[in-house]
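Shown here: work_7.csv, CSV, C-alpha atoms and all ligand atoms.
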```csv
chain,number,residue,atom,x,y,z
J,1283,MET,CA,-119.2,-149.9,-10.9
J,1284,ASP,CA,-119.9,-146.2,-11.1
J,1285,LYS,CA,-121.8,-144.8,-8.2
J,1286,SER,CA,-122.4,-141.5,-9.9
J,1287,LYS,CA,-124.8,-143.2,-12.3
J,1288,ARG,CA,-127.2,-143.8,-9.4
J,1289,LYS,CA,-129.8,-141.7,-7.6
J,1290,ILE,CA,-129.2,-141.3,-3.9
J,1291,ILE,CA,-132.5,-141.7,-2.2
J,1292,ILE,CA,-133.2,-141.1,1.5
J,1293,ALA,CA,-136.6,-142.3,2.5
J,1294,GLY,CA,-138.3,-142.0,5.9
J,1295,ASN,CA,-140.5,-144.9,7.0
J,1296,TRP,CA,-142.7,-143.5,9.7
J,1297,LYS,CA,-144.3,-146.9,10.4
J,1298,MET,CA,-147.4,-146.6,12.5
J,1299,ASN,CA,-146.6,-143.2,13.9
J,1300,ASN,CA,-148.1,-139.7,13.7
J,1301,THR,CA,-151.6,-138.5,13.9
J,1302,ARG,CA,-152.7,-135.9,11.4
J,1303,PRO,CA,-151.7,-132.9,13.4
J,1304,GLU,CA,-148.3,-134.5,14.2
J,1305,ALA,CA,-147.8,-135.3,10.5
J,1306,GLU,CA,-148.6,-131.8,9.5
J,1307,LYS,CA,-146.1,-130.4,12.0
J,1308,LEU,CA,-143.3,-132.8,11.0
J,1309,ILE,CA,-143.7,-132.2,7.3
J,1310,ASN,CA,-144.0,-128.4,7.8
J,1311,ASN,CA,-140.8,-128.5,9.8
J,1312,LEU,CA,-139.0,-130.7,7.3
J,1313,ILE,CA,-139.8,-128.7,4.2
J,1314,PRO,CA,-137.4,-125.8,4.8
J,1315,LEU,CA,-134.7,-128.0,6.3
J,1316,VAL,CA,-134.3,-130.2,3.2
J,1317,LYS,CA,-135.2,-127.7,0.4
J,1318,ASP,CA,-131.6,-127.7,-0.9
J,1319,ALA,CA,-131.1,-131.5,-0.7
J,1320,ASN,CA,-129.2,-133.0,-3.5
J,1321,CYS,CA,-130.7,-136.4,-3.0
J,1322,GLU,CA,-134.3,-137.7,-3.6
J,1323,VAL,CA,-136.3,-137.2,-0.3
J,1324,VAL,CA,-139.2,-139.5,0.4
J,1325,VAL,CA,-141.6,-139.8,3.4
J,1326,CYS,CA,-143.5,-143.1,3.6
J,1327,VAL,CA,-146.4,-142.2,5.9
J,1328,PRO,CA,-149.3,-144.2,7.3
J,1329,TYR,CA,-152.3,-144.4,4.9
J,1330,THR,CA,-154.2,-141.9,7.1
J,1331,ASN,CA,-151.6,-139.3,6.5
J,1332,LEU,CA,-151.1,-139.7,2.7
J,1333,GLU,CA,-153.5,-137.0,1.6
J,1334,THR,CA,-152.1,-134.5,4.2
J,1335,ALA,CA,-148.5,-135.3,3.2
J,1336,ILE,CA,-149.3,-135.0,-0.5
J,1337,LYS,CA,-151.0,-131.7,-0.1
J,1338,LEU,CA,-148.3,-130.2,2.1
J,1339,THR,CA,-145.4,-131.3,-0.2
J,1340,THR,CA,-146.9,-130.1,-3.4
J,1341,ASN,CA,-144.3,-127.9,-5.1
J,1342,THR,CA,-141.5,-129.1,-2.7
J,1343,ASN,CA,-138.7,-131.6,-3.3
J,1344,ILE,CA,-140.3,-134.1,-0.9
J,1345,LYS,CA,-142.0,-137.2,-2.4
J,1346,VAL,CA,-144.7,-139.2,-0.6
J,1347,GLY,CA,-144.8,-142.9,-0.3
J,1348,ALA,CA,-147.0,-145.6,1.4
J,1349,GLN,CA,-145.8,-148.5,3.4
J,1350,ASN,CA,-147.6,-151.4,1.7
J,1351,CYS,CA,-150.2,-152.1,-1.0
J,1352,HIS,CA,-152.5,-154.9,-2.1
J,1353,TRP,CA,-152.1,-156.6,-5.5
J,1354,SER,CA,-155.8,-156.5,-6.5
J,1355,ASP,CA,-157.3,-153.2,-7.7
J,1356,LYS,CA,-160.4,-153.9,-5.6
J,1357,GLY,CA,-162.3,-156.6,-3.9
J,1358,ALA,CA,-163.1,-158.5,-0.7
J,1359,PHE,CA,-159.8,-157.9,1.1
J,1360,THR,CA,-160.8,-156.3,4.4
J,1361,GLY,CA,-158.2,-153.9,5.8
J,1362,GLU,CA,-156.1,-153.7,2.6
J,1363,ILE,CA,-155.4,-150.8,0.3
J,1364,SER,CA,-154.7,-151.3,-3.4
J,1365,ALA,CA,-151.9,-149.8,-5.5
J,1366,LYS,CA,-154.6,-148.3,-7.7
J,1367,MET,CA,-156.0,-146.4,-4.7
J,1368,LEU,CA,-152.6,-145.1,-3.8
J,1369,LYS,CA,-151.9,-144.0,-7.4
J,1370,GLU,CA,-155.2,-142.1,-7.5
J,1371,LEU,CA,-154.2,-140.1,-4.4
J,1372,GLY,CA,-151.0,-139.0,-5.9
J,1373,VAL,CA,-148.6,-141.3,-4.1
J,1374,GLU,CA,-145.3,-141.9,-5.8
J,1375,TYR,CA,-143.5,-144.6,-3.8
J,1376,VAL,CA,-144.6,-147.7,-1.9
J,1377,ILE,CA,-142.5,-149.9,0.4
J,1378,VAL,CA,-143.2,-153.6,-0.1
J,1379,GLY,CA,-141.8,-156.5,1.9
J,1380,HIS,CA,-140.7,-154.6,5.0
J,1381,SER,CA,-139.5,-157.2,7.5
J,1382,GLU,CA,-142.3,-156.1,10.0
J,1383,ARG,CA,-144.9,-157.1,7.3
J,1384,ARG,CA,-143.1,-160.4,6.8
J,1385,GLN,CA,-142.7,-161.0,10.6
J,1386,TYR,CA,-146.1,-159.9,11.9
J,1387,PHE,CA,-148.5,-159.9,9.0
J,1388,GLY,CA,-147.6,-163.1,7.1
J,1389,ASP,CA,-146.1,-161.5,4.0
J,1390,THR,CA,-144.0,-163.9,2.1
J,1391,SER,CA,-141.7,-163.3,-0.9
J,1392,VAL,CA,-144.5,-164.5,-3.1
J,1393,THR,CA,-147.1,-162.0,-1.8
J,1394,VAL,CA,-144.4,-159.3,-1.8
J,1395,ASN,CA,-143.8,-160.1,-5.4
J,1396,ASN,CA,-147.6,-159.7,-6.1
J,1397,ARG,CA,-147.6,-156.4,-4.3
J,1398,ALA,CA,-144.5,-155.1,-6.2
J,1399,LYS,CA,-146.0,-156.1,-9.6
J,1400,ALA,CA,-149.3,-154.4,-8.8
J,1401,ALA,CA,-147.5,-151.2,-7.7
J,1402,ILE,CA,-145.3,-151.2,-10.8
J,1403,ASP,CA,-148.4,-151.7,-13.0
J,1404,GLN,CA,-149.9,-148.7,-11.5
J,1405,GLY,CA,-146.8,-146.6,-12.2
J,1406,LEU,CA,-145.7,-146.4,-8.6
J,1407,LYS,CA,-142.0,-146.7,-7.6
J,1408,VAL,CA,-141.4,-149.6,-5.4
J,1409,ILE,CA,-138.9,-149.9,-2.4
J,1410,LEU,CA,-138.5,-153.6,-2.1
J,1411,CYS,CA,-137.0,-154.6,1.3
J,1412,VAL,CA,-134.9,-157.6,1.8
J,1413,GLY,CA,-132.8,-158.7,4.8
J,1414,GLU,CA,-131.8,-161.6,7.1
J,1415,SER,CA,-132.8,-162.2,10.7
J,1416,LEU,CA,-130.2,-162.6,13.4
J,1417,SER,CA,-130.4,-166.4,13.5
J,1418,GLU,CA,-130.1,-166.5,9.7
J,1419,ARG,CA,-126.9,-164.4,10.0
J,1420,GLU,CA,-125.6,-166.5,12.8
J,1421,ASN,CA,-126.2,-169.7,10.7
J,1422,GLY,CA,-124.3,-168.3,7.8
J,1423,ILE,CA,-127.2,-168.2,5.4
J,1424,THR,CA,-127.5,-164.4,4.9
J,1425,GLU,CA,-126.5,-164.5,1.3
J,1426,ASN,CA,-128.9,-167.3,0.5
J,1427,VAL,CA,-131.8,-165.6,2.3
J,1428,VAL,CA,-131.2,-162.2,0.6
J,1429,SER,CA,-130.8,-163.6,-2.9
J,1430,ILE,CA,-133.9,-165.8,-2.6
J,1431,GLN,CA,-136.0,-162.8,-1.3
J,1432,LEU,CA,-134.7,-160.8,-4.2
J,1433,LYS,CA,-135.3,-163.4,-6.9
J,1434,ILE,CA,-138.8,-164.2,-5.8
J,1435,GLY,CA,-139.7,-160.6,-4.9
J,1436,LEU,CA,-138.7,-159.4,-8.4
J,1437,PHE,CA,-140.1,-162.4,-10.3
J,1438,GLY,CA,-141.8,-161.4,-13.6
J,1439,LEU,CA,-140.6,-157.8,-13.5
J,1440,SER,CA,-139.2,-156.8,-16.8
J,1441,GLU,CA,-135.9,-154.9,-17.5
J,1442,SER,CA,-137.8,-151.7,-18.2
J,1443,GLU,CA,-139.9,-152.0,-15.1
J,1444,MET,CA,-136.7,-152.2,-13.0
J,1445,LYS,CA,-136.3,-148.5,-13.6
J,1446,ASN,CA,-139.0,-148.0,-11.0
J,1447,VAL,CA,-137.5,-150.4,-8.4
J,1448,VAL,CA,-135.3,-149.5,-5.4
J,1449,ILE,CA,-133.9,-152.2,-3.2
J,1450,ALA,CA,-133.6,-151.6,0.5
J,1451,TYR,CA,-131.2,-154.0,2.4
J,1452,GLU,CA,-132.4,-154.1,5.9
J,1453,PRO,CA,-130.9,-156.7,8.3
J,1454,VAL,CA,-133.7,-157.5,10.6
J,1455,TRP,CA,-131.4,-157.5,13.7
J,1456,ALA,CA,-130.5,-153.8,13.0
J,1457,ILE,CA,-134.0,-152.5,12.7
J,1458,GLY,CA,-135.1,-150.3,15.6
J,1459,THR,CA,-132.4,-151.8,17.8
J,1460,GLY,CA,-129.8,-149.1,17.6
J,1461,LYS,CA,-127.5,-151.9,16.4
J,1462,THR,CA,-126.4,-150.7,12.9
J,1463,ALA,CA,-124.6,-153.2,10.6
J,1464,THR,CA,-121.0,-152.1,10.1
J,1465,SER,CA,-120.5,-150.3,6.9
J,1466,GLU,CA,-118.5,-153.4,5.7
J,1467,GLN,CA,-121.3,-155.8,6.5
J,1468,ALA,CA,-123.8,-153.5,4.7
J,1469,GLN,CA,-121.5,-153.0,1.7
J,1470,GLU,CA,-121.0,-156.8,1.4
J,1471,ILE,CA,-124.7,-157.5,1.1
J,1472,CYS,CA,-125.4,-154.5,-1.1
J,1473,LEU,CA,-122.8,-155.8,-3.5
J,1474,LEU,CA,-124.3,-159.3,-3.3
J,1475,ILE,CA,-127.7,-157.7,-4.3
J,1476,ARG,CA,-126.1,-155.8,-7.2
J,1477,ASN,CA,-124.4,-158.9,-8.4
J,1478,THR,CA,-127.7,-160.9,-8.1
J,1479,LEU,CA,-129.4,-158.2,-10.2
J,1480,LYS,CA,-126.6,-158.4,-12.8
J,1481,SER,CA,-127.3,-162.1,-13.1
J,1482,LEU,CA,-131.1,-161.7,-13.2
J,1483,TYR,CA,-131.0,-158.8,-15.6
J,1484,ASN,CA,-127.8,-157.2,-16.8
J,1485,GLN,CA,-124.9,-155.0,-16.0
J,1486,ASP,CA,-126.6,-151.7,-16.9
J,1487,ILE,CA,-129.6,-152.4,-14.5
J,1488,ALA,CA,-127.3,-153.5,-11.7
J,1489,GLU,CA,-125.2,-150.4,-12.2
J,1490,LYS,CA,-128.1,-147.9,-12.2
J,1491,ILE,CA,-130.4,-149.3,-9.5
J,1492,THR,CA,-130.5,-147.5,-6.1
J,1493,ILE,CA,-129.7,-149.9,-3.2
J,1494,GLN,CA,-130.5,-148.4,0.2
J,1495,TYR,CA,-129.3,-149.6,3.6
J,1496,GLY,CA,-131.8,-149.5,6.5
J,1497,GLY,CA,-131.5,-150.4,10.1
J,1498,SER,CA,-130.7,-147.8,12.8
J,1499,MET,CA,-129.3,-145.4,10.3
J,1500,ASN,CA,-128.8,-141.9,11.7
J,1501,ALA,CA,-126.9,-138.7,11.3
J,1502,ASP,CA,-123.8,-140.1,13.0
J,1503,ASN,CA,-123.4,-143.2,10.8
J,1504,VAL,CA,-124.8,-142.0,7.5
J,1505,ASP,CA,-121.5,-140.6,6.2
J,1506,GLU,CA,-119.7,-143.9,6.8
J,1507,LEU,CA,-122.4,-146.0,5.3
J,1508,LEU,CA,-122.8,-143.8,2.2
J,1509,SER,CA,-119.1,-143.8,1.7
J,1510,LYS,CA,-119.4,-147.4,0.5
J,1511,ILE,CA,-119.5,-147.9,-3.2
J,1512,ASP,CA,-122.7,-150.0,-3.3
J,1513,ILE,CA,-124.8,-148.1,-0.7
J,1514,ASP,CA,-126.9,-145.4,-2.4
J,1515,GLY,CA,-129.2,-144.1,0.3
J,1516,GLY,CA,-131.1,-145.1,3.3
J,1517,LEU,CA,-134.5,-146.3,4.6
J,1518,ILE,CA,-134.9,-144.6,7.9
J,1519,GLY,CA,-137.3,-145.5,10.6
J,1520,GLY,CA,-136.8,-144.0,14.1
J,1521,ALA,CA,-134.6,-141.1,12.9
J,1522,SER,CA,-137.2,-140.0,10.3
J,1523,LEU,CA,-139.7,-139.0,13.1
J,1524,LYS,CA,-138.0,-135.8,14.0
J,1525,ALA,CA,-137.5,-133.2,11.3
J,1526,GLU,CA,-134.1,-132.1,12.6
J,1527,ASP,CA,-132.7,-135.7,12.8
J,1528,PHE,CA,-134.1,-136.7,9.4
J,1529,SER,CA,-132.8,-133.5,7.7
J,1530,ARG,CA,-129.3,-134.1,9.1
J,1531,ILE,CA,-129.2,-137.5,7.4
J,1532,ILE,CA,-130.5,-135.9,4.1
J,1533,ASN,CA,-128.1,-133.0,4.2
J,1534,ALA,CA,-125.2,-135.4,5.0
J,1535,THR,CA,-125.5,-136.6,1.4
J,1536,LYS,CA,-124.4,-133.2,0.0
B,1,LIG,P1,-134.9,-148.0,12.0
B,1,LIG,O1,-136.0,-148.6,11.0
B,1,LIG,O2,-134.2,-146.9,11.3
B,1,LIG,O3,-135.8,-147.5,13.1
B,1,LIG,O4,-134.0,-149.1,12.4
B,1,LIG,C1,-135.6,-148.8,9.6
B,1,LIG,C2,-136.8,-149.5,8.9
B,1,LIG,O5,-137.5,-150.4,9.5
B,1,LIG,O6,-137.1,-149.2,7.7
```
Please re-express this file's structure in structure tokens.
Ligand code: PGA
Amino acid sequence: MDKSKRKIIIAGNWKMNNTRPEAEKLINNLIPLVKDANCEVVVCVPYTNLETAIKLTTNTNIKVGAQNCHWSDKGAFTGEISAKMLKELGVEYVIVGHSERRQYFGDTSVTVNNRAKAAIDQGLKVILCVGESLSERENGITENVVSIQLKIGLFGLSESEMKNVVIAYEPVWAIGTGKTATSEQAQEICLLIRNTLKSLYNQDIAEKITIQYGGSMNADNVDELLSKIDIDGGLIGGASLKAEDFSRIINATK
């Protein structure tokens, strides 16, 4: 497989962090530090920061994403935000199926699939997260878990719609723990994801799709992780909250 066919994407997932003044400061600090990046740079910010982020990043190389979306355009879904609402604001990316959503807010692969389809229908780019828990890894079922999350998560998405899909492999035990998967572990599952996509779709889609790694990725381990043939970027939590740290990861892709 030819890595040069793929877009390297480094996305920050701010999670539930940053008030508006904090977001303004972080983005204003980030803009000059990443202006010469040769990868796609995305910041996935809380809903309350979307407008600010979109305004500040206009005419820069930074794209803005949200961290979730609902599958209906509107309706009685207290506390939810629709993909249509995100699109209207000018959002480009949306994360779906993050393990924190699955763990704390009852998201299942079926609801993740509904969210992904709605986002794609609205013309958003989807970052679909998959990954096993520690006990699943210890029980030797990582490959089953990841391939099932992928098959259900992508159900009903056509070949042409896959152009707007990015997969993020995030082992749950590596998220926010400082415990990164080794580059070999990450490569193994990213390859499994690519092979699953080949069987679900075709070789061309499998070859062109961006597969990110996420889970305690930082400026010290990014080189090693990205040196692997099937790892095309990162979804970065903690290390995306400081402009300097995040820009070091982005600029490591040069
Ligand atoms: P982390 O989070 O980089 O803080 O481990 C990654 C993520 O949850 O996307």
task = For Lys1480 of chain J, list every protein, DNA or RNA residue within 12 Å, evaluated using all atoms listed in the file, and leave out those in the same chain fewer than 6 positions away; present the list as a ChimeraX atom specification.
result = /J:1283,1429,1433,1441,1444,1473-1474,1486-1491
ask   = Can you list, as a ChimeraX atom specification, every protein, DNA or RNA residue that comes within 12 Å of Thr1393 of chain J when you count only C-alpha atoms, leaving out same-chain residues fewer than 5 positions away?
value = /J:1350-1354,1378-1380,1383-1384,1387-1388,1398-1400,1431,1434-1437
ask   = When you draw a straight line from atom CA of Lys1307 of chain J to atom CA of Ile1363 of chain J, how long is it in Å?
value =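 Between atom CA of Lys1307 of chain J and atom CA of Ile1363 of chain J the gap works out to 25.3 Å.
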Axis-aligned box for all listed atoms of segment 1506-1525 of chain J, 4 Å per side, centre and edges in Å to one decimal, as AutoDock Vina command-line options:
```
--center_x -129.4 --center_y -141.6 --center_z 5.4 --size_x 28.6 --size_y 24.8 --size_z 25.4
```
request  = Write out as a PyMOL selection string each polymer residue (protein, DNA or RNA) that has an atom no more than 9 Å from ligand LIG 1 (chain B), with all atoms listed in the file counted.
outcome  = chain J and resi 1293-1297+1380-1382+1411+1450+1452+1454-1462+1495-1500+1516-1522
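Atom CA of Tyr1483 of chain J lies 11.8 Å from atom CA of Lys1445 of chain J.
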query = From the set J:Val1316, J:Leu1507, J:Met1298, J:Ile1423, which residue has the shortest atom-to-atom contact distance to Lys1536 of chain J, counting only C-alpha atoms?
reply =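 Of the candidates, the smallest distance to Lys1536 of chain J is held by J:Val1316.
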task = Might you pull out every residue within 10 Å of Lys1407 of chain J, with only C-alpha atoms counted and same-chain residues fewer than 2 positions away left off, and present them as a ChimeraX atom specification?
result = /J:1347,1373-1377,1398,1401-1405,1409-1410,1443-1448
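Straight-line separation from atom CA of Glu1333 of chain J to atom CA of Glu1304 of chain J: 13.9 Å.
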remark   = Shortest contact to Pro1303 of chain J, candidates J:Met1367, J:Leu1416, J:Ala1335, J:Val1323, atoms counted all atoms listed in the file, goes to J:Ala1335
inquiry  = Just want the 6 Å neighbourhood of Arg1288 of chain J, counted on only C-alpha atoms, with same-chain residues fewer than 2 positions away dropped. Output as an MDAnalysis selection string.
reply    = chainID J and resid 1285:1286 1490 1492
